[in-house]
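S.K.: The following file, work14.csv, comprises CSV, C-alpha atoms:
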chain,number,residue,atom,x,y,z
A,1,MET,CA,112.8,150.9,122.6
A,2,ASN,CA,113.2,151.0,126.4
A,3,ILE,CA,117.0,151.7,127.0
A,4,PHE,CA,117.0,149.1,129.8
A,5,ARG,CA,116.1,146.4,127.2
A,6,CYS,CA,119.1,147.4,125.2
A,7,LEU,CA,121.4,147.5,128.2
A,8,PHE,CA,120.2,144.2,129.6
A,9,TRP,CA,119.5,142.2,126.5
A,10,VAL,CA,122.8,140.4,126.0
A,11,PRO,CA,123.4,139.3,129.7
A,12,LEU,CA,119.8,138.4,130.1
A,13,MET,CA,119.9,136.1,127.1
A,14,LEU,CA,122.4,134.1,129.2
A,15,SER,CA,120.2,134.2,132.4
A,16,GLN,CA,118.2,131.5,134.0
A,17,ALA,CA,114.6,131.6,135.0
A,18,VAL,CA,113.4,133.2,138.2
A,19,SER,CA,114.2,131.2,141.3
A,20,ALA,CA,111.5,128.7,142.3
A,21,HIS,CA,111.1,130.0,145.9
A,22,ALA,CA,108.4,132.6,146.5
A,23,GLU,CA,109.5,135.9,147.9
A,24,THR,CA,107.9,139.3,148.8
A,25,ALA,CA,109.4,142.6,147.9
A,26,THR,CA,108.5,145.4,150.3
A,27,GLY,CA,108.4,149.2,149.8
A,28,ALA,CA,106.9,152.3,151.4
A,29,GLY,CA,106.4,156.0,150.7
A,30,SER,CA,104.9,158.2,148.0
A,31,SER,CA,101.1,158.1,147.8
A,32,ALA,CA,101.3,159.9,144.5
A,33,ALA,CA,103.3,157.1,143.0
A,34,ALA,CA,101.2,154.3,144.6
A,35,PRO,CA,99.3,153.6,141.3
A,36,ILE,CA,102.6,152.8,139.5
A,37,TYR,CA,103.7,150.4,142.2
A,38,ARG,CA,100.3,148.8,142.4
A,39,GLY,CA,100.3,148.3,138.7
A,40,TRP,CA,103.8,147.0,138.5
A,41,ALA,CA,103.2,144.7,141.5
A,42,LYS,CA,100.2,143.1,139.9
A,43,ALA,CA,102.0,142.5,136.6
A,44,TYR,CA,105.2,141.3,138.4
A,45,SER,CA,103.2,138.8,140.5
A,46,GLN,CA,101.4,137.4,137.5
A,47,ALA,CA,104.7,137.1,135.5
A,48,VAL,CA,107.1,135.7,138.1
A,49,GLY,CA,104.9,134.6,141.0
A,50,HIS,CA,106.5,136.9,143.6
A,51,ALA,CA,104.5,139.3,145.8
A,52,VAL,CA,105.0,143.0,146.4
A,53,GLU,CA,103.8,144.8,149.6
A,54,TYR,CA,103.7,148.6,149.2
A,55,GLU,CA,102.7,151.0,151.9
A,56,SER,CA,101.3,154.3,150.6
A,57,ILE,CA,102.3,156.4,153.6
A,58,GLY,CA,103.8,159.6,152.1
A,59,SER,CA,107.3,160.5,150.9
A,60,SER,CA,108.6,161.5,154.3
A,61,ALA,CA,107.5,158.4,156.1
A,62,GLY,CA,108.9,156.3,153.2
A,63,MET,CA,112.3,157.9,153.5
A,64,LYS,CA,112.4,157.2,157.3
A,65,LYS,CA,111.6,153.5,156.5
A,66,ILE,CA,114.4,153.1,154.0
A,67,GLN,CA,116.9,155.0,156.2
A,68,GLN,CA,116.2,152.4,158.8
A,69,GLN,CA,116.2,149.7,156.1
A,70,ALA,CA,112.8,148.5,157.4
A,71,VAL,CA,111.7,147.9,153.8
A,72,GLY,CA,113.4,146.9,150.6
A,73,PHE,CA,112.9,150.2,148.9
A,74,GLY,CA,111.6,153.7,149.7
A,75,ALA,CA,109.5,155.9,147.4
A,76,THR,CA,109.6,159.7,147.3
A,77,ASP,CA,108.5,162.5,145.1
A,78,VAL,CA,111.5,164.6,146.2
A,79,TYR,CA,115.0,163.9,145.2
A,80,PRO,CA,116.9,163.7,148.5
A,81,SER,CA,119.7,166.2,149.1
A,82,GLU,CA,123.2,164.9,148.5
A,83,LYS,CA,123.9,165.4,152.2
A,84,ASP,CA,121.0,163.1,153.2
A,85,LEU,CA,122.0,160.5,150.6
A,86,ALA,CA,125.6,160.5,151.9
A,87,GLU,CA,124.6,160.5,155.6
A,88,HIS,CA,122.2,157.6,155.3
A,89,GLY,CA,124.1,155.7,152.6
A,90,LEU,CA,121.3,155.8,150.0
A,91,LEU,CA,120.9,156.2,146.3
A,92,ALA,CA,117.8,157.5,144.5
A,93,LEU,CA,116.6,156.5,141.1
A,94,PRO,CA,113.8,158.2,139.0
A,95,VAL,CA,110.8,156.1,138.2
A,96,ALA,CA,108.4,158.2,136.2
A,97,ILE,CA,107.1,161.7,135.6
A,98,THR,CA,103.7,163.0,136.7
A,99,GLY,CA,102.0,166.3,137.6
A,100,ILE,CA,100.2,167.9,140.5
A,101,ALA,CA,96.7,169.1,139.7
A,102,PRO,CA,94.8,171.7,141.8
A,103,VAL,CA,91.3,170.4,142.0
A,104,VAL,CA,88.0,172.0,143.0
A,105,ASN,CA,84.5,171.1,144.0
A,106,LEU,CA,82.2,173.9,143.0
A,107,PRO,CA,78.4,173.5,142.8
A,108,LYS,CA,76.9,173.8,139.3
A,109,MET,CA,80.4,174.0,137.8
A,110,GLN,CA,81.2,170.3,137.4
A,111,GLY,CA,83.3,169.9,134.2
A,112,VAL,CA,83.7,173.7,133.7
A,113,PRO,CA,87.5,174.5,133.8
A,114,LEU,CA,88.3,177.2,136.3
A,115,ARG,CA,91.3,179.4,135.3
A,116,MET,CA,94.0,180.1,137.9
A,117,THR,CA,97.3,181.8,138.1
A,118,GLY,CA,100.2,180.9,140.4
A,119,ASP,CA,100.0,184.1,142.5
A,120,VAL,CA,96.2,183.7,143.1
A,121,LEU,CA,96.7,180.0,143.9
A,122,SER,CA,99.4,181.0,146.4
A,123,ARG,CA,97.1,183.5,148.1
A,124,ILE,CA,94.4,180.9,148.4
A,125,PHE,CA,96.7,178.5,150.1
A,126,MET,CA,98.1,181.2,152.4
A,127,GLY,CA,94.6,181.9,153.5
A,128,GLU,CA,94.5,185.4,152.0
A,129,ILE,CA,91.7,184.8,149.5
A,130,THR,CA,88.8,183.1,151.3
A,131,ARG,CA,85.8,183.3,149.0
A,132,TRP,CA,85.1,181.9,145.5
A,133,ASN,CA,83.7,185.2,144.2
A,134,ALA,CA,86.8,187.2,145.3
A,135,ARG,CA,87.7,189.8,142.7
A,136,GLU,CA,91.1,188.1,142.0
A,137,ILE,CA,89.3,184.9,141.0
A,138,VAL,CA,86.5,186.6,139.2
A,139,ALA,CA,89.0,188.6,137.1
A,140,LEU,CA,90.4,185.4,135.7
A,141,ASN,CA,87.0,183.9,135.0
A,142,THR,CA,84.7,186.6,133.7
A,143,ASP,CA,82.7,184.1,131.7
A,144,ILE,CA,81.8,182.0,134.8
A,145,ALA,CA,79.3,182.8,137.5
A,146,LEU,CA,81.3,182.0,140.6
A,147,PRO,CA,79.4,181.1,143.7
A,148,ASP,CA,79.4,183.3,146.8
A,149,LEU,CA,80.9,180.5,149.0
A,150,PRO,CA,83.8,180.3,151.4
A,151,ILE,CA,86.8,178.5,150.0
A,152,LYS,CA,87.5,175.3,152.0
A,153,VAL,CA,91.1,174.3,151.5
A,154,VAL,CA,92.1,170.6,151.7
A,155,VAL,CA,95.8,170.0,152.3
A,156,ARG,CA,98.2,167.3,153.4
A,157,ALA,CA,98.8,166.7,157.1
A,158,ASP,CA,101.7,164.2,156.5
A,159,GLY,CA,105.1,164.7,155.1
A,160,SER,CA,104.5,164.7,151.4
A,161,GLY,CA,106.6,165.0,148.2
A,162,THR,CA,103.5,166.3,146.5
A,163,THR,CA,103.4,169.2,149.0
A,164,TYR,CA,107.1,169.8,148.4
A,165,ASN,CA,106.7,170.2,144.7
A,166,PHE,CA,103.5,172.2,145.0
A,167,ALA,CA,105.3,174.6,147.4
A,168,ASP,CA,108.3,174.6,145.1
A,169,TYR,CA,106.1,175.9,142.3
A,170,LEU,CA,104.3,178.5,144.4
A,171,GLY,CA,107.7,179.8,145.6
A,172,LYS,CA,108.8,180.3,142.0
A,173,VAL,CA,105.8,182.4,141.1
A,174,ASP,CA,105.2,184.3,144.4
A,175,PRO,CA,108.1,185.8,146.4
A,176,LYS,CA,105.8,186.1,149.4
A,177,TRP,CA,105.2,182.4,149.4
A,178,LYS,CA,108.9,181.6,149.1
A,179,SER,CA,109.7,183.9,152.1
A,180,ALA,CA,106.8,182.6,154.3
A,181,TYR,CA,106.8,178.9,153.4
A,182,GLY,CA,109.6,177.9,151.0
A,183,ALA,CA,109.6,174.3,149.7
A,184,LYS,CA,109.1,171.7,152.4
A,185,THR,CA,107.4,168.3,152.6
A,186,SER,CA,105.4,169.5,155.7
A,187,LEU,CA,104.0,173.0,156.1
A,188,SER,CA,102.3,174.8,159.0
A,189,TRP,CA,99.0,175.6,157.2
A,190,PRO,CA,96.7,178.4,158.2
A,191,ALA,CA,94.0,177.7,160.8
A,192,GLY,CA,90.8,176.3,159.5
A,193,PHE,CA,92.3,174.3,156.6
A,194,MET,CA,91.3,170.7,156.3
A,195,ALA,CA,94.5,168.7,156.8
A,196,VAL,CA,94.3,165.0,155.8
A,197,LYS,CA,96.7,162.2,155.2
A,198,GLY,CA,97.8,160.9,151.8
A,199,SER,CA,96.8,161.8,148.3
A,200,GLU,CA,93.7,159.5,148.8
A,201,GLY,CA,92.7,161.7,151.8
A,202,VAL,CA,92.9,164.9,149.7
A,203,ALA,CA,91.0,163.4,146.8
A,204,LYS,CA,88.2,162.2,149.1
A,205,GLY,CA,88.2,165.4,151.0
A,206,VAL,CA,87.7,167.5,147.9
A,207,ARG,CA,85.2,165.1,146.3
A,208,GLU,CA,83.0,165.2,149.5
A,209,THR,CA,83.3,168.9,150.4
A,210,ALA,CA,81.4,171.5,148.4
A,211,GLY,CA,83.4,174.7,147.9
A,212,SER,CA,86.7,173.0,148.4
A,213,ILE,CA,90.1,173.1,146.7
A,214,GLY,CA,93.1,170.8,147.1
A,215,TYR,CA,96.1,169.4,145.2
A,216,VAL,CA,96.7,165.8,144.1
A,217,ASP,CA,98.7,163.8,141.7
A,218,TYR,CA,97.0,163.7,138.3
A,219,GLY,CA,96.3,160.0,138.6
A,220,TYR,CA,93.8,160.7,141.3
A,221,VAL,CA,91.9,163.1,139.2
A,222,THR,CA,90.5,160.4,137.0
A,223,GLU,CA,90.3,157.8,139.8
A,224,TYR,CA,88.1,160.0,142.0
A,225,GLY,CA,86.3,162.0,139.3
A,226,LEU,CA,87.8,165.3,140.3
A,227,VAL,CA,87.7,168.6,138.4
A,228,PRO,CA,91.2,170.1,137.8
A,229,VAL,CA,91.8,173.8,137.2
A,230,GLN,CA,93.5,175.3,134.2
A,231,MET,CA,96.8,176.9,135.2
A,232,ARG,CA,98.7,179.8,133.5
A,233,ASN,CA,102.2,178.4,132.7
A,234,ALA,CA,105.6,180.1,132.4
A,235,ASP,CA,104.8,181.1,128.8
A,236,GLY,CA,101.5,182.8,129.9
A,237,VAL,CA,99.3,180.1,128.3
A,238,TYR,CA,96.4,178.5,130.2
A,239,VAL,CA,96.8,174.7,130.1
A,240,LYS,CA,95.1,171.7,131.5
A,241,PRO,CA,97.0,168.9,133.3
A,242,SER,CA,97.7,166.0,130.9
A,243,ILE,CA,100.3,163.5,129.9
A,244,ASP,CA,101.3,165.7,127.0
A,245,ALA,CA,101.7,168.7,129.2
A,246,PHE,CA,103.9,166.8,131.7
A,247,ARG,CA,106.0,165.5,128.8
A,248,SER,CA,106.4,169.1,127.5
A,249,ALA,CA,107.7,170.3,130.8
A,250,LEU,CA,110.1,167.3,130.9
A,251,SER,CA,111.4,168.0,127.4
A,252,ASN,CA,112.2,171.6,128.5
A,253,SER,CA,114.3,170.5,131.5
A,254,GLU,CA,117.8,169.4,132.5
A,255,TRP,CA,116.4,165.8,132.7
A,256,ALA,CA,116.0,165.6,129.0
A,257,ALA,CA,119.0,167.7,128.1
A,258,SER,CA,121.7,166.0,130.2
A,259,GLY,CA,120.2,162.9,131.8
A,260,SER,CA,120.5,164.4,135.3
A,261,PHE,CA,117.4,164.1,137.6
A,262,ASN,CA,118.1,166.0,140.8
A,263,THR,CA,116.2,169.2,139.9
A,264,THR,CA,112.5,169.8,140.2
A,265,LEU,CA,110.3,170.1,137.1
A,266,THR,CA,108.1,173.0,138.1
A,267,GLN,CA,107.6,176.2,136.1
A,268,ARG,CA,109.4,174.9,133.0
A,269,PRO,CA,109.1,176.9,129.7
A,270,GLY,CA,107.0,175.7,126.8
A,271,LYS,CA,103.6,176.8,125.5
A,272,SER,CA,102.0,173.4,126.4
A,273,SER,CA,104.0,172.7,129.6
A,274,TRP,CA,102.2,172.0,132.8
A,275,PRO,CA,103.7,174.3,135.5
A,276,ILE,CA,103.4,171.8,138.4
A,277,THR,CA,105.2,168.8,136.9
A,278,MET,CA,107.2,166.5,139.2
A,279,GLY,CA,109.3,163.3,139.1
A,280,THR,CA,109.0,160.4,141.5
A,281,PHE,CA,111.9,158.3,142.8
A,282,VAL,CA,112.7,154.9,144.3
A,283,VAL,CA,115.4,154.8,147.0
A,284,PHE,CA,117.8,151.9,147.9
A,285,PRO,CA,120.6,151.5,150.5
A,286,LYS,CA,124.0,151.5,148.9
A,287,VAL,CA,125.0,148.8,151.3
A,288,ALA,CA,122.2,146.4,152.2
A,289,ARG,CA,122.2,145.3,155.8
A,290,ASN,CA,119.5,142.8,154.8
A,291,PRO,CA,120.7,141.6,151.4
A,292,GLU,CA,117.7,139.3,150.8
A,293,GLN,CA,115.2,142.1,151.5
A,294,THR,CA,117.1,144.5,149.2
A,295,ALA,CA,117.6,141.9,146.5
A,296,SER,CA,113.8,141.2,146.4
A,297,ALA,CA,113.1,144.9,146.0
A,298,LEU,CA,115.8,145.3,143.4
A,299,ARG,CA,114.5,142.3,141.4
A,300,PHE,CA,111.0,143.9,141.4
A,301,VAL,CA,112.3,147.3,140.3
A,302,ILE,CA,114.6,145.9,137.6
A,303,TRP,CA,111.9,143.8,136.2
A,304,SER,CA,109.5,146.8,136.2
A,305,PHE,CA,112.1,149.0,134.5
A,306,LEU,CA,112.4,146.3,131.8
A,307,ASN,CA,108.7,145.6,131.4
A,308,GLY,CA,106.8,148.5,133.0
A,309,ASP,CA,106.8,151.4,130.4
A,310,SER,CA,103.2,150.6,129.2
A,311,LEU,CA,102.0,150.4,132.8
A,312,VAL,CA,103.5,153.8,133.6
A,313,GLN,CA,101.6,155.3,130.8
A,314,GLU,CA,98.4,153.5,131.6
A,315,ASN,CA,98.5,155.0,135.1
A,316,ASN,CA,98.7,158.6,133.7
A,317,PHE,CA,102.5,159.0,134.2
A,318,VAL,CA,105.2,159.8,131.7
A,319,ARG,CA,108.0,157.3,131.1
A,320,LEU,CA,111.6,158.4,131.7
A,321,PRO,CA,113.7,159.6,128.8
A,322,ASP,CA,116.2,157.0,127.6
A,323,ARG,CA,119.1,159.1,128.8
A,324,VAL,CA,117.7,159.2,132.3
A,325,GLN,CA,116.9,155.5,132.3
A,326,ALA,CA,120.6,154.8,131.4
A,327,SER,CA,121.7,157.0,134.3
A,328,ALA,CA,119.4,155.1,136.7
A,329,PHE,CA,120.7,151.8,135.5
A,330,LYS,CA,124.3,152.7,136.4
A,331,GLN,CA,123.2,153.4,139.9
A,332,ILE,CA,121.3,150.2,140.3
A,333,THR,CA,124.4,148.2,139.6
A,334,ALA,CA,126.2,149.9,142.6
A,335,VAL,CA,124.0,148.4,145.4
A,336,ARG,CA,126.2,146.0,147.4
A,337,ASP,CA,125.9,143.6,150.3
A,338,PRO,CA,127.9,144.0,153.5
A,339,GLN,CA,130.8,141.9,152.0
A,340,GLY,CA,131.0,144.3,149.0
A,341,LYS,CA,129.4,142.0,146.5
A,342,THR,CA,127.4,143.9,143.9
A,343,LEU,CA,123.7,142.9,144.1
A,344,GLY,CA,122.3,144.8,141.1
A,345,MET,CA,124.3,143.0,138.4
A,346,GLY,CA,124.1,139.7,140.2
A,347,LEU,CA,120.3,139.8,140.1
A,348,LEU,CA,120.3,139.6,136.3
A,349,SER,CA,120.4,135.8,136.6
A,350,SER,CA,117.1,135.7,138.4
A,351,ILE,CA,115.0,137.8,136.0
A,352,HIS,CA,113.3,136.7,132.9
A,353,PRO,CA,114.6,138.3,129.8
A,354,PRO,CA,112.2,140.8,128.1
A,355,SER,CA,110.5,139.9,124.8
A,356,PRO,CA,112.5,141.2,121.8
As structure tokens, please, write out the structure in this file.
M.R.:
Amino acid sequence: MNIFRCLFWVPLMLSQAVSAHAETATGAGSSAAAPIYRGWAKAYSQAVGHAVEYESIGSSAGMKKIQQQAVGFGATDVYPSEKDLAEHGLLALPVAITGIAPVVNLPKMQGVPLRMTGDVLSRIFMGEITRWNAREIVALNTDIALPDLPIKVVVRADGSGTTYNFADYLGKVDPKWKSAYGAKTSLSWPAGFMAVKGSEGVAKGVRETAGSIGYVDYGYVTEYGLVPVQMRNADGVYVKPSIDAFRSALSNSEWAASGSFNTTLTQRPGKSSWPITMGTFVVFPKVARNPEQTASALRFVIWSFLNGDSLVQENNFVRLPDRVQASAFKQITAVRDPQGKTLGMGLLSSIHPPSP
């Protein structure tokens, strides 16, 4: 059972129905997590009659919006540093777990899984390996006739949590990448790379460009009919991106062990673990300058935590462990208005109780 149901059940039994006036919750940020917010928004609107407007503009842009409190919530695939949270008076809560899939468009190989290691992937995205029949790729795929084509690399031009986690993984498997690029939301890519905005831009770029490779959240693989590669994981096993593989990485992390959620989920042990797994987060101000705006967003997120587990899984994400959900709940209750009144707990009276 969703831990939020357990935590909220008694007070919610005493709650009243949703207020009659219509309202709109606003949010902006992660394009990787956009499918979750779209799914939640549709269900929320049908259930309680309130609208949700979410801008899929990338994690960095979403963080800027919430720092300015221009929206009710921000969305990012990178847990902000404690310094940034303190400086801007924010708190970040995990929403779900997903994975980043390198995807390729190779003629006559649709549906055939290409094997890849982290060091070879790193060299491709540093511009060092430039053709599909390079010996490094051929050595990993001796049973595949690789085309003699230039590699066309599709990357994010905007500040992206997907880029951050992708770079974080490459830095863990390749010291040269770590030294040259590190883990950042925006990177100075080699000349000639196709830089586009948003996960949608990468998905479309790869789908429409023969000989291309890019990286997107797993949800876009199915939506755009893309071909993911198999990656060699920390245990030396080649695995495909999948819900089970993301769940394995999660189970072998501090998230599952302690309920903490401020570390990345890349390169986790486990024979079935996907090496480029990541969490996605929602961000709120600790003190809401516009209480109505923040309250609308909190109402949406609390309702979604209570009712949205099935929607998370339907959109190819992994639900949070109960221990992590409990930690997130504690933070929600800390959001206050300028007079110091707690908004999180006060909103319980405006949310329908979940079904037993």
S.K.: Which value, in Å to one decimal, gives the distance between atom CA of Val324 of chain A and atom CA of Val95 of chain A?
M.R.: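 Atom CA of Val324 of chain A sits 9.6 Å away from atom CA of Val95 of chain A.
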S.K.: How close does segment 284-350 of chain A get to segment 60-77 of chain A? List, as a tab-separated table, each residue of segment 284-350 of chain A within 7 Å, its nearest atom pair and the distance in Å to one decimal, counting all atoms listed in the file.
M.R.:
residue	atom	partner	partner_atom	distance
A:Phe284	CA	A:Phe73	CA	5.3
A:Gln293	CA	A:Gly72	CA	5.2
A:Thr294	CA	A:Gly72	CA	4.6
A:Ala297	CA	A:Gly72	CA	5.0
S.K.: Residues as selected, C-alpha atoms, written as a compact mmCIF listing (two decimals), keeping the file's coordinate frame, can you do that?
M.R.:
# COMPACT_ATOMS: atom_id res chain seq x y z
CA PHE A 284 117.80 151.90 147.90
CA GLN A 293 115.20 142.10 151.50
CA THR A 294 117.10 144.50 149.20
CA ALA A 297 113.10 144.90 146.00
S.K.: Sorted by chain and rising residue number, list the residues of segment 205-310 of chain A at most 8 Å from segment 20-34 of chain A (counting only C-alpha atoms), each with its closest atom pair and distance in Å to one decimal, as CSV.
M.R.:
residue,atom,partner,partner_atom,distance
A:Val216,CA,A:Ala32,CA,7.5
A:Asp217,CA,A:Ala32,CA,5.5
A:Gly219,CA,A:Ala32,CA,7.7
A:Thr280,CA,A:Ala33,CA,6.8
A:Gln293,CA,A:Ala25,CA,6.8
A:Ser296,CA,A:Ala25,CA,4.9
A:Ala297,CA,A:Ala25,CA,4.8
A:Phe300,CA,A:Ala25,CA,6.8
S.K.: Hey, can you check how far atom CA of Gln230 of chain A sits from atom CA of Lys176 of chain A?
M.R.: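 Answer for the atom CA of Gln230 of chain A to atom CA of Lys176 of chain A separation: 22.3 Å.
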S.K.: What is the distance, in Å and to one decimal place, between atom CA of His88 of chain A and atom CA of Val196 of chain A?
M.R.: 28.9 Å
S.K.: Please determine, counting all atoms listed in the file, which residue among A:Thr163, A:Gln339, A:Thr98, A:Ser179 has the shortest atom-to-atom distance to Ala195 of chain A.
M.R.: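 Result for the nearest residue to Ala195 of chain A: A:Thr163.
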S.K.: Which residues come within 12 Å of Tyr238 of chain A, counting only C-alpha atoms, excluding same-chain residues fewer than 5 positions away, as JSON, numbers by chain?
M.R.: {"A": [113, 114, 115, 116, 117, 118, 140, 141, 229, 230, 231, 232, 233, 245, 270, 271, 272, 273, 274, 275]}
S.K.: Using all atoms listed in the file for the distances, tell me which of A:Lys152, A:Lys240, A:Lys184, A:Arg247 is nearest to Ala167 of chain A.
M.R.: A:Lys184
S.K.: Which of these residues is nearest to Thr222 of chain A, using all atoms listed in the file: A:Ser59, A:Ser242, A:Asn290, A:Gln46?
M.R.: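 For Thr222 of chain A, the nearest of the given residues is A:Ser242.
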